[in-house]
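*Asks:* Provided herewith: run.pdb, PDB, C-alpha atoms.
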```pdb
ATOM      1  CA  MET A  11       0.000   0.000   0.000
ATOM      2  CA  LYS A  12       1.436   3.342  -0.990
ATOM      3  CA  GLU A  13       1.401   6.166   1.479
ATOM      4  CA  ALA A  14       2.318   9.821   1.641
ATOM      5  CA  ALA A  15       2.649  12.151   4.570
ATOM      6  CA  VAL A  16       2.280  15.895   4.901
ATOM      7  CA  LEU A  17       3.704  18.094   7.642
ATOM      8  CA  SER A  18       2.676  21.725   7.444
ATOM      9  CA  GLY A  19       2.097  24.872   9.453
ATOM     10  CA  GLN A  20      -1.017  26.980   9.585
ATOM     11  CA  GLY A  21       0.345  29.601   7.175
ATOM     12  CA  ARG A  22      -0.840  33.190   7.134
ATOM     13  CA  TYR A  23      -4.300  34.427   6.311
ATOM     14  CA  GLY A  24      -5.135  36.764   3.488
ATOM     15  CA  SER A  25      -7.569  37.283   0.605
ATOM     16  CA  ASP A  26      -7.092  36.859  -3.140
ATOM     17  CA  GLU A  27     -10.066  36.399  -5.399
ATOM     18  CA  SER A  28      -8.092  35.993  -8.624
ATOM     19  CA  MET A  29      -8.523  32.853 -10.700
ATOM     20  CA  MET A  30      -5.590  30.438 -10.523
ATOM     21  CA  ASN A  31      -3.607  29.685 -13.669
ATOM     22  CA  ALA A  32      -2.012  26.347 -14.577
ATOM     23  CA  THR A  33       1.393  27.314 -13.191
ATOM     24  CA  GLU A  34      -0.067  28.228  -9.807
ATOM     25  CA  ILE A  35      -2.127  25.034  -9.745
ATOM     26  CA  GLU A  36       0.878  22.903 -10.684
ATOM     27  CA  ALA A  37       2.823  24.349  -7.744
ATOM     28  CA  LEU A  38       0.119  23.213  -5.306
ATOM     29  CA  PHE A  39       0.632  19.582  -6.324
ATOM     30  CA  THR A  40       4.398  19.585  -6.914
ATOM     31  CA  ARG A  41       6.169  18.080  -3.938
ATOM     32  CA  SER A  42       9.492  19.146  -2.447
ATOM     33  CA  ASP A  43      11.255  16.374  -4.411
ATOM     34  CA  GLY A  44       9.997  17.915  -7.673
ATOM     35  CA  THR A  45       7.373  15.289  -8.481
ATOM     36  CA  TYR A  46       3.804  16.158  -9.431
ATOM     37  CA  SER A  47       1.335  14.128  -7.376
ATOM     38  CA  PHE A  48      -2.421  14.677  -7.381
ATOM     39  CA  ALA A  49      -5.100  12.435  -5.881
ATOM     40  CA  ARG A  50      -8.698  12.783  -4.748
ATOM     41  CA  TRP A  51     -11.143  10.537  -2.935
ATOM     42  CA  ALA A  52     -13.249   8.062  -4.926
ATOM     43  CA  ARG A  53     -15.100   6.260  -2.124
ATOM     44  CA  PRO A  54     -17.418   8.257   0.195
ATOM     45  CA  ILE A  55     -15.664   9.787   3.183
ATOM     46  CA  ALA A  56     -16.654   8.177   6.491
ATOM     47  CA  PRO A  57     -15.113  10.322   9.254
ATOM     48  CA  VAL A  58     -14.521   9.747  12.944
ATOM     49  CA  VAL A  59     -13.024  12.237  15.401
ATOM     50  CA  PHE A  60     -11.237  11.457  18.674
ATOM     51  CA  GLY A  61     -10.397  13.679  21.625
ATOM     52  CA  VAL A  62     -12.934  16.504  21.309
ATOM     53  CA  GLN A  63     -16.146  17.539  22.995
ATOM     54  CA  ASP A  64     -19.542  17.436  21.295
ATOM     55  CA  GLU A  65     -19.473  21.157  20.459
ATOM     56  CA  THR A  66     -16.184  20.803  18.557
ATOM     57  CA  LEU A  67     -17.396  17.615  16.920
ATOM     58  CA  ALA A  68     -20.351  19.518  15.486
ATOM     59  CA  VAL A  69     -18.007  22.191  14.118
ATOM     60  CA  ILE A  70     -15.841  19.582  12.390
ATOM     61  CA  LYS A  71     -18.887  17.865  10.942
ATOM     62  CA  GLY A  72     -20.109  21.212   9.615
ATOM     63  CA  ALA A  73     -16.755  21.873   7.923
ATOM     64  CA  LEU A  74     -16.776  18.427   6.327
ATOM     65  CA  GLU A  75     -20.326  18.842   5.062
ATOM     66  CA  ALA A  76     -19.510  22.268   3.612
ATOM     67  CA  VAL A  77     -16.462  21.018   1.701
ATOM     68  CA  MET A  78     -18.347  17.943   0.492
ATOM     69  CA  ALA A  79     -21.139  20.174  -0.809
ATOM     70  CA  LEU A  80     -18.535  22.287  -2.585
ATOM     71  CA  SER A  81     -16.762  19.343  -4.180
ATOM     72  CA  GLY A  82     -19.873  17.319  -4.976
ATOM     73  CA  HIS A  83     -18.319  14.341  -3.192
ATOM     74  CA  LYS A  84     -20.226  12.213  -0.680
ATOM     75  CA  MET A  85     -19.983  11.357   3.001
ATOM     76  CA  ALA A  86     -21.088   8.103   4.608
ATOM     77  CA  GLU A  87     -21.728   6.818   8.116
ATOM     78  CA  THR A  88     -19.319   3.926   7.619
ATOM     79  CA  ASP A  89     -16.899   2.559   5.062
ATOM     80  CA  PRO A  90     -17.677  -1.112   4.220
ATOM     81  CA  GLU A  91     -13.980  -2.055   4.277
ATOM     82  CA  LEU A  92     -12.431   0.224   6.896
ATOM     83  CA  GLY A  93     -15.321   1.353   9.069
ATOM     84  CA  SER A  94     -13.938   4.891   9.090
ATOM     85  CA  ASN A  95     -11.565   6.127   6.406
ATOM     86  CA  LEU A  96     -10.953   9.662   7.707
ATOM     87  CA  MET A  97      -9.703   9.592  11.288
ATOM     88  CA  ILE A  98      -8.921  12.850  13.098
ATOM     89  CA  PHE A  99      -7.111  12.720  16.433
ATOM     90  CA  PHE A 100      -6.796  15.616  18.890
ATOM     91  CA  PHE A 101      -4.301  15.222  21.759
ATOM     92  CA  ARG A 102      -1.767  17.069  23.907
ATOM     93  CA  ASP A 103       1.375  15.002  23.457
ATOM     94  CA  TRP A 104       2.734  12.686  20.750
ATOM     95  CA  ALA A 105       3.430  10.160  23.503
ATOM     96  CA  GLU A 106      -0.328   9.527  23.724
ATOM     97  CA  LEU A 107      -0.559   7.937  20.267
ATOM     98  CA  PRO A 108       1.033   4.539  21.050
ATOM     99  CA  GLU A 109      -1.798   4.071  23.575
ATOM    100  CA  VAL A 110      -4.414   4.084  20.790
ATOM    101  CA  PRO A 111      -5.382   0.423  20.185
ATOM    102  CA  GLY A 112      -4.425  -0.858  16.738
ATOM    103  CA  LEU A 113      -2.895   2.420  15.548
ATOM    104  CA  ASP A 114       0.465   0.759  14.913
ATOM    105  CA  ARG A 115      -1.266  -1.462  12.342
ATOM    106  CA  LEU A 116      -2.675   1.563  10.500
ATOM    107  CA  ILE A 117       0.468   3.729  10.639
ATOM    108  CA  PRO A 118       3.625   1.885   9.529
ATOM    109  CA  ASN A 119       6.752   2.471  11.630
ATOM    110  CA  LEU A 120       4.788   4.427  14.209
ATOM    111  CA  GLU A 121       7.505   4.587  16.868
ATOM    112  CA  PRO A 122      10.292   6.090  14.694
ATOM    113  CA  LEU A 123       7.711   8.436  13.177
ATOM    114  CA  LEU A 124       6.800   9.752  16.623
ATOM    115  CA  VAL A 125      10.465  10.321  17.405
ATOM    116  CA  ARG A 126      10.808  12.492  14.272
ATOM    117  CA  LEU A 127       7.628  14.423  15.071
ATOM    118  CA  LYS A 128       8.782  15.128  18.613
ATOM    119  CA  GLU A 129      12.216  16.255  17.417
ATOM    120  CA  ALA A 130      10.574  18.579  14.880
ATOM    121  CA  ASP A 131       8.190  19.907  17.537
ATOM    122  CA  ALA A 132       5.418  19.286  14.977
ATOM    123  CA  ASN A 133       1.845  20.080  15.906
ATOM    124  CA  GLN A 134       0.129  18.348  12.987
ATOM    125  CA  TYR A 135       0.627  15.415  10.679
ATOM    126  CA  ARG A 136      -1.378  13.741   7.922
ATOM    127  CA  ILE A 137      -0.843  10.396   6.279
ATOM    128  CA  PHE A 138      -2.742   9.079   3.261
ATOM    129  CA  HIS A 139      -3.372   5.534   2.052
ATOM    130  CA  PHE A 140      -4.273   4.908  -1.571
ATOM    131  CA  GLU A 141      -6.438   2.645  -3.721
ATOM    132  CA  PRO A 142      -4.821   0.498  -6.458
ATOM    133  CA  ASP A 143      -5.799   3.187  -9.003
ATOM    134  CA  GLY A 144      -4.157   5.917  -6.921
ATOM    135  CA  ALA A 145      -7.302   7.483  -5.448
ATOM    136  CA  ILE A 146      -7.237   8.362  -1.747
ATOM    137  CA  LYS A 147      -8.424   5.396   0.288
ATOM    138  CA  ALA A 148      -7.931   6.739   3.812
ATOM    139  CA  CYS A 149      -6.492   9.723   5.633
ATOM    140  CA  PHE A 150      -5.280   9.982   9.227
ATOM    141  CA  VAL A 151      -4.979  13.456  10.742
ATOM    142  CA  PHE A 152      -3.083  14.049  13.993
ATOM    143  CA  LEU A 153      -3.311  17.397  15.787
ATOM    144  CA  ARG A 154      -1.174  18.069  18.843
ATOM    145  CA  ILE A 155      -2.910  20.954  20.552
ATOM    146  CA  ASP A 156       0.049  23.080  21.586
ATOM    147  CA  LYS A 157      -0.038  26.814  22.356
ATOM    148  CA  GLU A 158      -0.191  27.724  18.654
ATOM    149  CA  LEU A 159      -3.101  25.454  17.744
ATOM    150  CA  SER A 160      -4.966  26.162  20.964
ATOM    151  CA  GLU A 161      -5.225  29.796  19.851
ATOM    152  CA  VAL A 162      -6.787  28.882  16.494
ATOM    153  CA  PRO A 163     -10.622  29.046  16.526
ATOM    154  CA  ALA A 164     -12.276  25.647  16.191
ATOM    155  CA  GLU A 165     -14.052  26.695  12.979
ATOM    156  CA  THR A 166     -10.768  27.762  11.384
ATOM    157  CA  LEU A 167      -8.915  24.622  12.426
ATOM    158  CA  ALA A 168     -11.751  22.338  11.266
ATOM    159  CA  LEU A 169     -12.029  23.980   7.848
ATOM    160  CA  SER A 170      -8.269  24.078   7.330
ATOM    161  CA  GLN A 171      -7.813  20.396   8.154
ATOM    162  CA  THR A 172     -10.786  19.352   6.027
ATOM    163  CA  VAL A 173      -9.418  21.216   3.008
ATOM    164  CA  GLN A 174      -5.964  19.691   3.468
ATOM    165  CA  SER A 175      -7.471  16.189   3.675
ATOM    166  CA  VAL A 176      -9.845  16.336   0.711
ATOM    167  CA  LEU A 177      -7.006  16.285  -1.857
ATOM    168  CA  LEU A 178      -3.397  15.145  -1.876
ATOM    169  CA  TRP A 179      -1.709  18.534  -1.923
ATOM    170  CA  SER A 180       2.011  19.173  -2.160
ATOM    171  CA  ASP A 181       3.880  19.132   1.147
ATOM    172  CA  LEU A 182       4.763  22.759   0.310
ATOM    173  CA  ALA A 183       1.271  23.877  -0.745
ATOM    174  CA  PHE A 184       0.216  25.926   2.277
ATOM    175  CA  ARG A 185       3.463  26.682   4.073
ATOM    176  CA  GLU A 186       3.539  30.282   2.892
ATOM    177  CA  ARG A 187      -0.175  30.938   2.678
ATOM    178  CA  SER A 188      -3.199  29.322   4.272
ATOM    179  CA  PRO A 189      -6.024  27.952   2.087
ATOM    180  CA  LEU A 190      -8.308  30.179   4.163
ATOM    181  CA  ALA A 191      -9.090  33.887   4.129
ATOM    182  CA  VAL A 192     -10.665  36.368   6.519
ATOM    183  CA  ALA A 193     -13.941  37.935   5.359
ATOM    184  CA  GLY A 194     -15.217  40.388   7.946
ATOM    185  CA  GLU A 195     -15.431  38.444  11.191
ATOM    186  CA  LYS A 196     -15.528  35.055   9.467
ATOM    187  CA  THR A 197     -12.801  32.754   8.205
ATOM    188  CA  ILE A 198     -13.665  31.277   4.823
ATOM    189  CA  LEU A 199     -12.084  29.156   2.140
ATOM    190  CA  ARG A 200     -10.153  31.298  -0.333
ATOM    191  CA  PRO A 201     -12.279  31.557  -3.503
ATOM    192  CA  GLU A 202      -9.547  30.267  -5.819
ATOM    193  CA  ILE A 203      -8.941  27.230  -3.593
ATOM    194  CA  ALA A 204     -12.690  26.554  -3.475
ATOM    195  CA  GLY A 205     -12.802  26.697  -7.273
ATOM    196  CA  LEU A 206      -9.847  24.339  -7.522
ATOM    197  CA  ILE A 207     -11.418  21.766  -5.193
ATOM    198  CA  ARG A 208     -14.659  21.919  -7.179
ATOM    199  CA  ALA A 209     -12.760  21.404 -10.435
ATOM    200  CA  ALA A 210     -10.624  18.584  -8.984
ATOM    201  CA  TYR A 211     -13.753  16.529  -8.303
ATOM    202  CA  ASP A 212     -15.148  16.959 -11.802
ATOM    203  CA  PRO A 213     -15.976  13.394 -12.954
ATOM    204  CA  VAL A 214     -14.257  13.960 -16.320
ATOM    205  CA  LEU A 215     -10.869  14.282 -14.567
ATOM    206  CA  PRO A 216      -8.831  11.314 -13.262
ATOM    207  CA  VAL A 217      -8.755  10.425  -9.568
ATOM    208  CA  GLN A 218      -4.945  10.416  -9.661
ATOM    209  CA  ALA A 219      -2.302  12.096 -11.793
ATOM    210  CA  SER A 220       1.491  12.280 -11.802
ATOM    211  CA  ASP A 221       2.001  14.267 -15.036
ATOM    212  CA  PRO A 222       2.225  18.058 -14.605
ATOM    213  CA  SER A 223       0.045  18.501 -17.706
ATOM    214  CA  HIS A 224      -2.829  17.540 -15.412
ATOM    215  CA  ALA A 225      -2.605  21.095 -14.013
ATOM    216  CA  LEU A 226      -3.641  22.402 -17.441
ATOM    217  CA  ARG A 227      -6.784  20.281 -17.316
ATOM    218  CA  LEU A 228      -7.520  21.508 -13.804
ATOM    219  CA  ALA A 229      -7.073  25.116 -14.893
ATOM    220  CA  ALA A 230      -9.501  24.568 -17.754
ATOM    221  CA  ARG A 231     -12.108  23.061 -15.419
ATOM    222  CA  VAL A 232     -11.644  25.926 -12.936
ATOM    223  CA  GLY A 233     -12.447  28.341 -15.742
ATOM    224  CA  LEU A 234     -15.612  26.425 -16.602
ATOM    225  CA  THR A 235     -16.842  26.398 -12.997
ATOM    226  CA  GLN A 236     -16.364  30.118 -12.308
TER     227      GLN A 236
END
```
Now that the file is in, can you turn its structure into C-alpha cells?
*Replies:*
Amino acid sequence: MKEAAVLSGQGRYGSDESMMNATEIEALFTRSDGTYSFARWARPIAPVVFGVQDETLAVIKGALEAVMALSGHKMAETDPELGSNLMIFFFRDWAELPEVPGLDRLIPNLEPLLVRLKEADANQYRIFHFEPDGAIKACFVFLRIDKELSEVPAETLALSQTVQSVLLWSDLAFRERSPLAVAGEKTILRPEIAGLIRAAYDPVLPVQASDPSHALRLAARVGLTQ
C-alpha cells in the first residue's frame, strides 16, 4: 500500500479572489522532491473524530459537510472495508498515540515516526493511504494541541484540516499561505482554492495524476466552474 505524509504549518491568512492559472495550480501539487502528485477521494468519506467535545465535533462535521457540498463528493456513516476512512485525532502530546489500540497497524513504523515528530516539535501530521488506481483510500490526521493550535478558533482549524485532507496537496502547498481567508469576522475558504477543489472533483478528470500537464486540465475546469 502506498502512502504519503504531509507536515505543514497553519500559514498566514489573506484574501485573493483571482482565478488560478495552470502554473499556480501545478505548484500546489508539486512536492518538495519535484514530483507532481495529485489524488482525490473516490469512495465516500466516512469520518470519525477522537479527543474533542460534542461542540467541537459539530463544528468539524459542519466543515466536512460544507467542503463535500462544494466538491460534490459524498460522506457516509461507515466505510464497508475500513469502518472509518478519515480519522482525526486531537491530543496534547505525541506520547499519547502509542496508547491508541491498533494504531500501529494503520500507521507503519509508528515509533520512529513519533520520534521524528517530537524532534521537529510538529503540531500536525497527515498520512494518506491509496487505492490500487491511486485514489485516496484513507487519511489519518493528527493534531497536537500546543499553544499555537490552541489559539486557532475551532471553525478555522476544522475547515483548514478538512481542506488539506480532501485532496493530496504538495507538502509545500500551504506553508507560505493558508487555504483560508478572513472575510469580515468570518474565516472562509479562499475563492480560488474553493474553485480548484470543485474542479478537482469533476468526474471527467482522473482520480490520480502524476504528469504536470494535469494542471492544465484543472485550470480549464476551474475556468468552466467560475
*Asks:* So which residues get picked by the PyMOL selection byres ((chain A and resi 71-88) around 12) here, written as a PyMOL selection string?
*Replies:* chain A and resi 50-59+64-70+89-98+164-177+197-199+201+203-213+235
*Asks:* What does the distance between CA of Asp156 in chain A and CA of Phe100 in chain A come to in Å, to one decimal place?
*Replies:*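 Computing it gives 10.5 Å between the two atoms.
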*Asks:* Written as an NGL selection string, what is the full residue list that the PyMOL selection byres ((chain A and resi 41) around 12) yields on the file shown?
*Replies:* :A and (14-17 or 36-40 or 42-48 or 178-184 or 220 or 222)
*Asks:* Mind giving me the straight-line distance from CA of Arg200 in chain A to CA of Leu159 in chain A in Å, one decimal?
*Replies:*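 For CA of Arg200 in chain A relative to CA of Leu159 in chain A, the distance reads 20.3 Å.
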*Asks:* Quote the spacing between CA of Pro189 in chain A and CA of Glu202 in chain A in Å to one decimal place.
*Replies:*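 CA of Glu202 in chain A lies 9.0 Å from CA of Pro189 in chain A.
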*Asks:* Within 12 Å of Val110 in chain A, counting all atoms listed in the file, which residues show up once you throw out same-chain ones fewer than 6 positions away? Write them as a ChimeraX atom specification, please.
*Replies:* /A:60-61,99-101,104,116-117,120
*Asks:* Looking at all atoms listed in the file, which of A:Pro142, A:Val214, A:Gly112, A:Arg154 is the one that sits closest to Lys128 in chain A?
*Replies:* A:Arg154
*Asks:* Return as an MDAnalysis selection string the set of residues that the PyMOL selection byres ((chain A and resi 132) around 12) yields on the displayed structure.
*Replies:* chainID A and resid 16:20 102:104 123:131 133:136 152:159
*Asks:* Please fill the gaps in range 102-127 of chain A so it has N, CA, C and O atoms, and write that as a PDB file, in the coordinates of the input.
*Replies:*
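What landed in part.pdb:
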```pdb
ATOM      1  N   ARG A 102      -2.690  16.085  23.352  1.00  0.00           N
ATOM      2  CA  ARG A 102      -1.767  17.069  23.907  1.00  0.00           C
ATOM      3  C   ARG A 102      -0.301  16.709  23.704  1.00  0.00           C
ATOM      4  O   ARG A 102       0.560  17.584  23.719  1.00  0.00           O
ATOM      5  N   ASP A 103      -0.018  15.421  23.539  1.00  0.00           N
ATOM      6  CA  ASP A 103       1.375  15.002  23.457  1.00  0.00           C
ATOM      7  C   ASP A 103       1.480  13.808  22.519  1.00  0.00           C
ATOM      8  O   ASP A 103       0.621  12.918  22.535  1.00  0.00           O
ATOM      9  N   TRP A 104       2.535  13.797  21.688  1.00  0.00           N
ATOM     10  CA  TRP A 104       2.734  12.686  20.750  1.00  0.00           C
ATOM     11  C   TRP A 104       2.854  11.352  21.475  1.00  0.00           C
ATOM     12  O   TRP A 104       2.557  10.297  20.902  1.00  0.00           O
ATOM     13  N   ALA A 105       3.271  11.397  22.733  1.00  0.00           N
ATOM     14  CA  ALA A 105       3.430  10.160  23.503  1.00  0.00           C
ATOM     15  C   ALA A 105       2.103   9.451  23.745  1.00  0.00           C
ATOM     16  O   ALA A 105       2.085   8.270  24.115  1.00  0.00           O
ATOM     17  N   GLU A 106       0.981  10.141  23.527  1.00  0.00           N
ATOM     18  CA  GLU A 106      -0.328   9.527  23.724  1.00  0.00           C
ATOM     19  C   GLU A 106      -0.702   8.547  22.608  1.00  0.00           C
ATOM     20  O   GLU A 106      -1.510   7.642  22.814  1.00  0.00           O
ATOM     21  N   LEU A 107      -0.125   8.727  21.421  1.00  0.00           N
ATOM     22  CA  LEU A 107      -0.559   7.937  20.267  1.00  0.00           C
ATOM     23  C   LEU A 107      -0.302   6.433  20.386  1.00  0.00           C
ATOM     24  O   LEU A 107      -1.143   5.639  19.956  1.00  0.00           O
ATOM     25  N   PRO A 108       0.842   5.993  20.935  1.00  0.00           N
ATOM     26  CA  PRO A 108       1.033   4.539  21.050  1.00  0.00           C
ATOM     27  C   PRO A 108      -0.027   3.848  21.915  1.00  0.00           C
ATOM     28  O   PRO A 108      -0.176   2.624  21.849  1.00  0.00           O
ATOM     29  N   GLU A 109      -0.759   4.642  22.721  1.00  0.00           N
ATOM     30  CA  GLU A 109      -1.798   4.071  23.575  1.00  0.00           C
ATOM     31  C   GLU A 109      -3.101   3.809  22.817  1.00  0.00           C
ATOM     32  O   GLU A 109      -4.003   3.161  23.354  1.00  0.00           O
ATOM     33  N   VAL A 110      -3.203   4.297  21.586  1.00  0.00           N
ATOM     34  CA  VAL A 110      -4.414   4.084  20.790  1.00  0.00           C
ATOM     35  C   VAL A 110      -4.407   2.660  20.256  1.00  0.00           C
ATOM     36  O   VAL A 110      -3.498   2.282  19.507  1.00  0.00           O
ATOM     37  N   PRO A 111      -5.382   1.829  20.613  1.00  0.00           N
ATOM     38  CA  PRO A 111      -5.382   0.423  20.185  1.00  0.00           C
ATOM     39  C   PRO A 111      -5.386   0.278  18.669  1.00  0.00           C
ATOM     40  O   PRO A 111      -6.173   0.921  17.965  1.00  0.00           O
ATOM     41  N   GLY A 112      -4.464  -0.531  18.155  1.00  0.00           N
ATOM     42  CA  GLY A 112      -4.425  -0.858  16.738  1.00  0.00           C
ATOM     43  C   GLY A 112      -3.827   0.204  15.842  1.00  0.00           C
ATOM     44  O   GLY A 112      -3.717   0.001  14.621  1.00  0.00           O
ATOM     45  N   LEU A 113      -3.407   1.352  16.393  1.00  0.00           N
ATOM     46  CA  LEU A 113      -2.895   2.420  15.548  1.00  0.00           C
ATOM     47  C   LEU A 113      -1.594   2.014  14.860  1.00  0.00           C
ATOM     48  O   LEU A 113      -1.334   2.433  13.724  1.00  0.00           O
ATOM     49  N   ASP A 114      -0.797   1.189  15.513  1.00  0.00           N
ATOM     50  CA  ASP A 114       0.465   0.759  14.913  1.00  0.00           C
ATOM     51  C   ASP A 114       0.242  -0.097  13.675  1.00  0.00           C
ATOM     52  O   ASP A 114       1.140  -0.219  12.829  1.00  0.00           O
ATOM     53  N   ARG A 115      -0.957  -0.682  13.542  1.00  0.00           N
ATOM     54  CA  ARG A 115      -1.266  -1.462  12.342  1.00  0.00           C
ATOM     55  C   ARG A 115      -1.706  -0.551  11.193  1.00  0.00           C
ATOM     56  O   ARG A 115      -1.584  -0.918  10.024  1.00  0.00           O
ATOM     57  N   LEU A 116      -2.225   0.618  11.518  1.00  0.00           N
ATOM     58  CA  LEU A 116      -2.675   1.563  10.500  1.00  0.00           C
ATOM     59  C   LEU A 116      -1.552   2.487  10.031  1.00  0.00           C
ATOM     60  O   LEU A 116      -1.527   2.912   8.879  1.00  0.00           O
ATOM     61  N   ILE A 117      -0.631   2.804  10.931  1.00  0.00           N
ATOM     62  CA  ILE A 117       0.468   3.729  10.639  1.00  0.00           C
ATOM     63  C   ILE A 117       1.782   2.952  10.688  1.00  0.00           C
ATOM     64  O   ILE A 117       2.275   2.619  11.768  1.00  0.00           O
ATOM     65  N   PRO A 118       2.361   2.635   9.543  1.00  0.00           N
ATOM     66  CA  PRO A 118       3.625   1.885   9.529  1.00  0.00           C
ATOM     67  C   PRO A 118       4.738   2.641  10.255  1.00  0.00           C
ATOM     68  O   PRO A 118       4.809   3.869  10.184  1.00  0.00           O
ATOM     69  N   ASN A 119       5.586   1.889  10.940  1.00  0.00           N
ATOM     70  CA  ASN A 119       6.752   2.471  11.630  1.00  0.00           C
ATOM     71  C   ASN A 119       6.357   3.619  12.548  1.00  0.00           C
ATOM     72  O   ASN A 119       6.966   4.705  12.524  1.00  0.00           O
ATOM     73  N   LEU A 120       5.338   3.378  13.352  1.00  0.00           N
ATOM     74  CA  LEU A 120       4.788   4.427  14.209  1.00  0.00           C
ATOM     75  C   LEU A 120       5.818   4.976  15.190  1.00  0.00           C
ATOM     76  O   LEU A 120       5.931   6.200  15.363  1.00  0.00           O
ATOM     77  N   GLU A 121       6.566   4.124  15.840  1.00  0.00           N
ATOM     78  CA  GLU A 121       7.505   4.587  16.868  1.00  0.00           C
ATOM     79  C   GLU A 121       8.572   5.522  16.310  1.00  0.00           C
ATOM     80  O   GLU A 121       8.771   6.629  16.837  1.00  0.00           O
ATOM     81  N   PRO A 122       9.298   5.142  15.238  1.00  0.00           N
ATOM     82  CA  PRO A 122      10.292   6.090  14.694  1.00  0.00           C
ATOM     83  C   PRO A 122       9.649   7.362  14.143  1.00  0.00           C
ATOM     84  O   PRO A 122      10.261   8.437  14.185  1.00  0.00           O
ATOM     85  N   LEU A 123       8.425   7.250  13.648  1.00  0.00           N
ATOM     86  CA  LEU A 123       7.711   8.436  13.177  1.00  0.00           C
ATOM     87  C   LEU A 123       7.487   9.411  14.323  1.00  0.00           C
ATOM     88  O   LEU A 123       7.713  10.624  14.188  1.00  0.00           O
ATOM     89  N   LEU A 124       7.051   8.897  15.473  1.00  0.00           N
ATOM     90  CA  LEU A 124       6.800   9.752  16.623  1.00  0.00           C
ATOM     91  C   LEU A 124       8.072  10.421  17.113  1.00  0.00           C
ATOM     92  O   LEU A 124       8.049  11.572  17.557  1.00  0.00           O
ATOM     93  N   VAL A 125       9.185   9.728  17.013  1.00  0.00           N
ATOM     94  CA  VAL A 125      10.465  10.321  17.405  1.00  0.00           C
ATOM     95  C   VAL A 125      10.768  11.525  16.526  1.00  0.00           C
ATOM     96  O   VAL A 125      11.158  12.597  17.016  1.00  0.00           O
ATOM     97  N   ARG A 126      10.550  11.372  15.197  1.00  0.00           N
ATOM     98  CA  ARG A 126      10.808  12.492  14.272  1.00  0.00           C
ATOM     99  C   ARG A 126       9.869  13.660  14.537  1.00  0.00           C
ATOM    100  O   ARG A 126      10.278  14.821  14.482  1.00  0.00           O
ATOM    101  N   LEU A 127       8.601  13.363  14.820  1.00  0.00           N
ATOM    102  CA  LEU A 127       7.628  14.423  15.071  1.00  0.00           C
ATOM    103  C   LEU A 127       7.955  15.196  16.342  1.00  0.00           C
ATOM    104  O   LEU A 127       7.827  16.418  16.399  1.00  0.00           O
TER     105      LEU A 127
END
```
